Amino acid sequence: MINSCIFIEYMPKRLLPAILLSGLIVGTADILAAFISAYIKSNTKPDAVLKFVASGVFGRKAFGGGTSMAAAGLLFHYMIALTFTVIFFMLCSKIKLISQYKILSGVVYGLLVWFIMNRIVLPLSNTPSIPFKLTNVMISAGILIIAIGLPLAYLATKYYSQRSVAFTE
């Protein structure tokens with residue numbers, strides 16, 4: 001707790017709002033894309049998508065839950081999106097190549113998010129396993145590139161470029 005308070009105390013004044021807004025943007029884009037994709041693929045309603053997310057913590061009982069399980073899934077989704085947002089902002093502040101190659105950085109980060117979620121997080125969670133299908137991988141990786149990677153590349157590099165301009169004036 002003390003370390004996080006020290007971090008917040010020394011954080012540039014506008015970094016936290018930039019991270020929170022960026023996390024909200026990419027989290028919303030990602031969950032809306034997930035809703036649309038699930039509906040098109042299998043007529044799955046948004047509450048079932050959110051309960052799937054909640055099943056990562058609550059297991060199969062999440063699917064039998066009501067609105068509270070869907071709300072928990074939405075909360076977990078935004079927590080995950082915010083975590084990936086913080087990581088990208090940290091990387092962007094340390095690796096200058098990200099701002100030089102925004103599109104490539106966004107694509108690579110979207111693929112990295114897919115890999116971490118599908119090959120590390122989901123297998124370690126309580127979610128039901130999803131059979132591997134190349135078309136599903138391509139769709140979900142594409143969603144993460146478009147909804148998370150590219151927007152974060154734009155938002156973070158915009159934040160850091162404005163910050164460097166402000167310091168030179």
# chains A, B, ... in the order shown; residues from 1 in each chain; ligands from 1
$ closest_atom_pairs --of "stretch 68-128 of chain A" --to "stretch 152-164 of chain A" --cutoff "12 Å" --atoms "only C-alpha atoms" --output "Markdown table"
| residue | atom | partner | partner_atom | distance |
| --- | --- | --- | --- | --- |
| A:Ala81 | CA | A:Leu152 | CA | 10.6 |
| A:Leu82 | CA | A:Leu152 | CA | 10.9 |
| A:Phe84 | CA | A:Leu152 | CA | 9.3 |
| A:Thr85 | CA | A:Leu152 | CA | 7.0 |
| A:Val86 | CA | A:Ala156 | CA | 9.7 |
| A:Ile87 | CA | A:Leu152 | CA | 10.3 |
| A:Phe88 | CA | A:Leu152 | CA | 7.1 |
| A:Phe89 | CA | A:Ala156 | CA | 5.7 |
| A:Met90 | CA | A:Ala156 | CA | 9.2 |
| A:Leu91 | CA | A:Ala156 | CA | 9.5 |
| A:Cys92 | CA | A:Ala156 | CA | 6.7 |
| A:Ser93 | CA | A:Tyr160 | CA | 7.2 |
| A:Lys94 | CA | A:Tyr160 | CA | 10.6 |
| A:Ile95 | CA | A:Thr157 | CA | 10.7 |
| A:Lys96 | CA | A:Thr157 | CA | 9.3 |
| A:Leu97 | CA | A:Thr157 | CA | 10.3 |
| A:Ile98 | CA | A:Ala153 | CA | 7.4 |
| A:Ser99 | CA | A:Thr157 | CA | 5.4 |
| A:Gln100 | CA | A:Thr157 | CA | 8.9 |
| A:Tyr101 | CA | A:Ala153 | CA | 8.9 |
| A:Lys102 | CA | A:Ala153 | CA | 5.4 |
| A:Ile103 | CA | A:Ala153 | CA | 7.1 |
| A:Leu104 | CA | A:Ala153 | CA | 9.0 |
| A:Ser105 | CA | A:Ala153 | CA | 6.5 |
| A:Gly106 | CA | A:Ala153 | CA | 5.1 |
| A:Val107 | CA | A:Ala153 | CA | 8.9 |
| A:Val108 | CA | A:Ala153 | CA | 10.1 |
| A:Tyr109 | CA | A:Ala153 | CA | 8.5 |
| A:Gly110 | CA | A:Leu152 | CA | 9.4 |
| A:Val113 | CA | A:Leu152 | CA | 11.9 |
$ closest_residue --among "A:Arg119, A:His77, A:Lys133, A:Arg14" --to "A:Val57" --atoms "only C-alpha atoms"
A:His77
$ closest_atom_pairs --of "stretch 102-153 of chain A" --to "stretch 29-52 of chain A" --cutoff "12 Å" --atoms "only C-alpha atoms" --output "tab-separated table"
residue	atom	partner	partner_atom	distance
A:Gly110	CA	A:Asp30	CA	11.0
A:Val113	CA	A:Asp30	CA	11.7
A:Trp114	CA	A:Asp30	CA	11.8
A:Leu122	CA	A:Phe52	CA	10.7
A:Ser125	CA	A:Phe52	CA	11.0
A:Asn126	CA	A:Phe52	CA	9.6
A:Thr127	CA	A:Phe52	CA	6.7
A:Pro128	CA	A:Phe52	CA	8.2
A:Ser129	CA	A:Phe52	CA	10.7
A:Ile130	CA	A:Phe52	CA	11.1
A:Thr135	CA	A:Lys41	CA	11.0
A:Asn136	CA	A:Lys41	CA	9.4
A:Met138	CA	A:Ser37	CA	11.9
A:Ile139	CA	A:Ser37	CA	8.2
A:Ser140	CA	A:Ala34	CA	8.2
A:Ala141	CA	A:Asp30	CA	11.0
A:Gly142	CA	A:Ala33	CA	10.1
A:Ile143	CA	A:Ala33	CA	6.6
A:Leu144	CA	A:Asp30	CA	6.8
A:Ile145	CA	A:Asp30	CA	9.6
A:Ile146	CA	A:Asp30	CA	8.4
A:Ala147	CA	A:Asp30	CA	5.1
A:Ile148	CA	A:Asp30	CA	6.7
A:Gly149	CA	A:Asp30	CA	10.3
A:Leu150	CA	A:Ala29	CA	11.3
A:Pro151	CA	A:Ala29	CA	9.4
A:Leu152	CA	A:Ala29	CA	11.4
$ write_last_selection --atoms "N, CA and C atoms" --output "PDB file, in the first residue's frame"
ATOM      1  N   GLY A 110      -1.460  -5.796 -29.259  1.00  0.00           N
ATOM      2  CA  GLY A 110      -2.716  -6.541 -29.341  1.00  0.00           C
ATOM      3  C   GLY A 110      -2.469  -8.047 -29.376  1.00  0.00           C
ATOM      4  N   VAL A 113      -1.362  -9.140 -25.913  1.00  0.00           N
ATOM      5  CA  VAL A 113      -2.529  -9.249 -25.016  1.00  0.00           C
ATOM      6  C   VAL A 113      -3.263 -10.555 -25.304  1.00  0.00           C
ATOM      7  N   TRP A 114      -3.456 -10.887 -26.583  1.00  0.00           N
ATOM      8  CA  TRP A 114      -4.116 -12.152 -26.929  1.00  0.00           C
ATOM      9  C   TRP A 114      -3.348 -13.326 -26.338  1.00  0.00           C
ATOM     10  N   LEU A 122      -6.354 -17.325 -19.061  1.00  0.00           N
ATOM     11  CA  LEU A 122      -7.522 -18.219 -19.144  1.00  0.00           C
ATOM     12  C   LEU A 122      -7.212 -19.647 -18.689  1.00  0.00           C
ATOM     13  N   SER A 125      -7.275 -19.745 -14.996  1.00  0.00           N
ATOM     14  CA  SER A 125      -8.516 -19.320 -14.356  1.00  0.00           C
ATOM     15  C   SER A 125      -9.509 -20.483 -14.318  1.00  0.00           C
ATOM     16  N   ASN A 126     -10.700 -20.184 -13.854  1.00  0.00           N
ATOM     17  CA  ASN A 126     -11.762 -21.193 -13.755  1.00  0.00           C
ATOM     18  C   ASN A 126     -12.700 -21.189 -14.955  1.00  0.00           C
ATOM     19  N   THR A 127     -12.367 -20.446 -16.003  1.00  0.00           N
ATOM     20  CA  THR A 127     -13.244 -20.420 -17.177  1.00  0.00           C
ATOM     21  C   THR A 127     -13.239 -21.776 -17.867  1.00  0.00           C
ATOM     22  N   PRO A 128     -14.357 -22.130 -18.492  1.00  0.00           N
ATOM     23  CA  PRO A 128     -14.365 -23.375 -19.275  1.00  0.00           C
ATOM     24  C   PRO A 128     -13.374 -23.244 -20.430  1.00  0.00           C
ATOM     25  N   SER A 129     -12.741 -24.342 -20.779  1.00  0.00           N
ATOM     26  CA  SER A 129     -11.759 -24.272 -21.871  1.00  0.00           C
ATOM     27  C   SER A 129     -12.481 -24.057 -23.200  1.00  0.00           C
ATOM     28  N   ILE A 130     -11.821 -23.330 -24.067  1.00  0.00           N
ATOM     29  CA  ILE A 130     -12.362 -23.016 -25.382  1.00  0.00           C
ATOM     30  C   ILE A 130     -11.544 -23.795 -26.400  1.00  0.00           C
ATOM     31  N   THR A 135      -9.895 -19.726 -36.978  1.00  0.00           N
ATOM     32  CA  THR A 135     -10.740 -18.562 -37.290  1.00  0.00           C
ATOM     33  C   THR A 135     -11.083 -17.782 -36.020  1.00  0.00           C
ATOM     34  N   ASN A 136     -11.361 -18.486 -34.923  1.00  0.00           N
ATOM     35  CA  ASN A 136     -11.649 -17.804 -33.654  1.00  0.00           C
ATOM     36  C   ASN A 136     -10.431 -17.050 -33.137  1.00  0.00           C
ATOM     37  N   MET A 138      -8.018 -15.797 -34.986  1.00  0.00           N
ATOM     38  CA  MET A 138      -7.832 -14.624 -35.839  1.00  0.00           C
ATOM     39  C   MET A 138      -8.827 -13.520 -35.490  1.00  0.00           C
ATOM     40  N   ILE A 139     -10.070 -13.897 -35.223  1.00  0.00           N
ATOM     41  CA  ILE A 139     -11.082 -12.902 -34.855  1.00  0.00           C
ATOM     42  C   ILE A 139     -10.745 -12.271 -33.508  1.00  0.00           C
ATOM     43  N   SER A 140     -10.451 -13.091 -32.510  1.00  0.00           N
ATOM     44  CA  SER A 140     -10.182 -12.527 -31.183  1.00  0.00           C
ATOM     45  C   SER A 140      -8.880 -11.727 -31.160  1.00  0.00           C
ATOM     46  N   ALA A 141      -7.864 -12.180 -31.882  1.00  0.00           N
ATOM     47  CA  ALA A 141      -6.620 -11.407 -31.959  1.00  0.00           C
ATOM     48  C   ALA A 141      -6.876 -10.088 -32.699  1.00  0.00           C
ATOM     49  N   GLY A 142      -7.662 -10.136 -33.756  1.00  0.00           N
ATOM     50  CA  GLY A 142      -8.004  -8.921 -34.492  1.00  0.00           C
ATOM     51  C   GLY A 142      -8.751  -7.922 -33.633  1.00  0.00           C
ATOM     52  N   ILE A 143      -9.671  -8.435 -32.826  1.00  0.00           N
ATOM     53  CA  ILE A 143     -10.413  -7.556 -31.903  1.00  0.00           C
ATOM     54  C   ILE A 143      -9.444  -6.874 -30.943  1.00  0.00           C
ATOM     55  N   LEU A 144      -8.507  -7.629 -30.385  1.00  0.00           N
ATOM     56  CA  LEU A 144      -7.571  -7.054 -29.415  1.00  0.00           C
ATOM     57  C   LEU A 144      -6.615  -6.053 -30.072  1.00  0.00           C
ATOM     58  N   ILE A 145      -6.256  -6.307 -31.306  1.00  0.00           N
ATOM     59  CA  ILE A 145      -5.410  -5.345 -32.024  1.00  0.00           C
ATOM     60  C   ILE A 145      -6.181  -4.048 -32.241  1.00  0.00           C
ATOM     61  N   ILE A 146      -7.416  -4.164 -32.733  1.00  0.00           N
ATOM     62  CA  ILE A 146      -8.218  -2.982 -33.073  1.00  0.00           C
ATOM     63  C   ILE A 146      -8.761  -2.266 -31.845  1.00  0.00           C
ATOM     64  N   ALA A 147      -9.193  -3.025 -30.836  1.00  0.00           N
ATOM     65  CA  ALA A 147      -9.840  -2.411 -29.677  1.00  0.00           C
ATOM     66  C   ALA A 147      -8.859  -2.000 -28.577  1.00  0.00           C
ATOM     67  N   ILE A 148      -7.701  -2.663 -28.499  1.00  0.00           N
ATOM     68  CA  ILE A 148      -6.767  -2.363 -27.411  1.00  0.00           C
ATOM     69  C   ILE A 148      -5.420  -1.862 -27.935  1.00  0.00           C
ATOM     70  N   GLY A 149      -4.764  -2.646 -28.772  1.00  0.00           N
ATOM     71  CA  GLY A 149      -3.410  -2.308 -29.202  1.00  0.00           C
ATOM     72  C   GLY A 149      -3.295  -0.975 -29.916  1.00  0.00           C
ATOM     73  N   LEU A 150      -4.050  -0.805 -30.994  1.00  0.00           N
ATOM     74  CA  LEU A 150      -3.949   0.431 -31.773  1.00  0.00           C
ATOM     75  C   LEU A 150      -4.422   1.671 -31.006  1.00  0.00           C
ATOM     76  N   PRO A 151      -5.563   1.599 -30.297  1.00  0.00           N
ATOM     77  CA  PRO A 151      -5.952   2.788 -29.524  1.00  0.00           C
ATOM     78  C   PRO A 151      -4.939   3.153 -28.439  1.00  0.00           C
ATOM     79  N   LEU A 152      -4.386   2.141 -27.758  1.00  0.00           N
ATOM     80  CA  LEU A 152      -3.395   2.447 -26.727  1.00  0.00           C
ATOM     81  C   LEU A 152      -2.139   3.052 -27.335  1.00  0.00           C
TER      82      LEU A 152
END
$ atom_distance --atom1 "atom CA of A:Phe76" --atom2 "atom CA of A:Val53"
7.1 Å
$ select_by_dssp --residues "stretch 11-151 of chain A" --states "alpha helix (DSSP H)" --output "ChimeraX atom specification"
/A:15-42,46-58,61-64,67-94,97-100,102-116,122-124,134-144,150-151
$ decode --residues "stretch 78-149 of chain A" --atoms "C-alpha atoms" --output "tab-separated table (two decimals), in the first residue's frame"
chain	number	residue	atom	x	y	z
A	78	TYR	CA	-12.37	-3.34	-16.88
A	79	MET	CA	-9.76	-4.28	-14.28
A	80	ILE	CA	-7.98	-6.40	-16.90
A	81	ALA	CA	-8.25	-3.64	-19.52
A	82	LEU	CA	-6.89	-1.11	-17.04
A	83	THR	CA	-3.99	-3.44	-16.19
A	84	PHE	CA	-3.03	-3.76	-19.86
A	85	THR	CA	-3.39	0.01	-20.22
A	86	VAL	CA	-1.03	0.70	-17.31
A	87	ILE	CA	1.50	-1.76	-18.73
A	88	PHE	CA	1.37	-0.11	-22.16
A	89	PHE	CA	1.80	3.38	-20.70
A	90	MET	CA	4.79	2.14	-18.69
A	91	LEU	CA	6.31	0.52	-21.79
A	92	CYS	CA	5.66	3.64	-23.84
A	93	SER	CA	7.46	5.81	-21.31
A	94	LYS	CA	10.54	3.57	-21.43
A	95	ILE	CA	10.70	2.37	-25.06
A	96	LYS	CA	10.90	5.30	-27.47
A	97	LEU	CA	10.47	3.03	-30.53
A	98	ILE	CA	6.80	2.65	-29.63
A	99	SER	CA	6.08	6.26	-30.54
A	100	GLN	CA	8.09	5.96	-33.75
A	101	TYR	CA	6.21	2.83	-34.87
A	102	LYS	CA	2.71	3.35	-33.45
A	103	ILE	CA	0.85	1.01	-35.80
A	104	LEU	CA	3.38	-1.80	-35.50
A	105	SER	CA	3.50	-1.31	-31.72
A	106	GLY	CA	-0.30	-1.45	-31.50
A	107	VAL	CA	-0.47	-4.63	-33.56
A	108	VAL	CA	2.29	-6.31	-31.55
A	109	TYR	CA	0.70	-5.25	-28.26
A	110	GLY	CA	-2.72	-6.54	-29.34
A	111	LEU	CA	-1.11	-9.89	-30.20
A	112	LEU	CA	0.74	-9.88	-26.87
A	113	VAL	CA	-2.53	-9.25	-25.02
A	114	TRP	CA	-4.12	-12.15	-26.93
A	115	PHE	CA	-1.21	-14.44	-26.04
A	116	ILE	CA	-1.21	-13.49	-22.34
A	117	MET	CA	-4.98	-13.84	-22.00
A	118	ASN	CA	-5.41	-17.05	-24.01
A	119	ARG	CA	-2.21	-18.91	-23.18
A	120	ILE	CA	-1.62	-17.81	-19.58
A	121	VAL	CA	-4.59	-16.13	-17.85
A	122	LEU	CA	-7.52	-18.22	-19.14
A	123	PRO	CA	-5.80	-21.60	-18.61
A	124	LEU	CA	-4.98	-20.58	-15.02
A	125	SER	CA	-8.52	-19.32	-14.36
A	126	ASN	CA	-11.76	-21.19	-13.76
A	127	THR	CA	-13.24	-20.42	-17.18
A	128	PRO	CA	-14.37	-23.37	-19.28
A	129	SER	CA	-11.76	-24.27	-21.87
A	130	ILE	CA	-12.36	-23.02	-25.38
A	131	PRO	CA	-11.45	-25.33	-28.27
A	132	PHE	CA	-8.70	-23.99	-30.53
A	133	LYS	CA	-10.00	-22.86	-33.91
A	134	LEU	CA	-7.83	-20.76	-36.19
A	135	THR	CA	-10.74	-18.56	-37.29
A	136	ASN	CA	-11.65	-17.80	-33.65
A	137	VAL	CA	-8.01	-17.00	-32.89
A	138	MET	CA	-7.83	-14.62	-35.84
A	139	ILE	CA	-11.08	-12.90	-34.86
A	140	SER	CA	-10.18	-12.53	-31.18
A	141	ALA	CA	-6.62	-11.41	-31.96
A	142	GLY	CA	-8.00	-8.92	-34.49
A	143	ILE	CA	-10.41	-7.56	-31.90
A	144	LEU	CA	-7.57	-7.05	-29.41
A	145	ILE	CA	-5.41	-5.35	-32.02
A	146	ILE	CA	-8.22	-2.98	-33.07
A	147	ALA	CA	-9.84	-2.41	-29.68
A	148	ILE	CA	-6.77	-2.36	-27.41
A	149	GLY	CA	-3.41	-2.31	-29.20
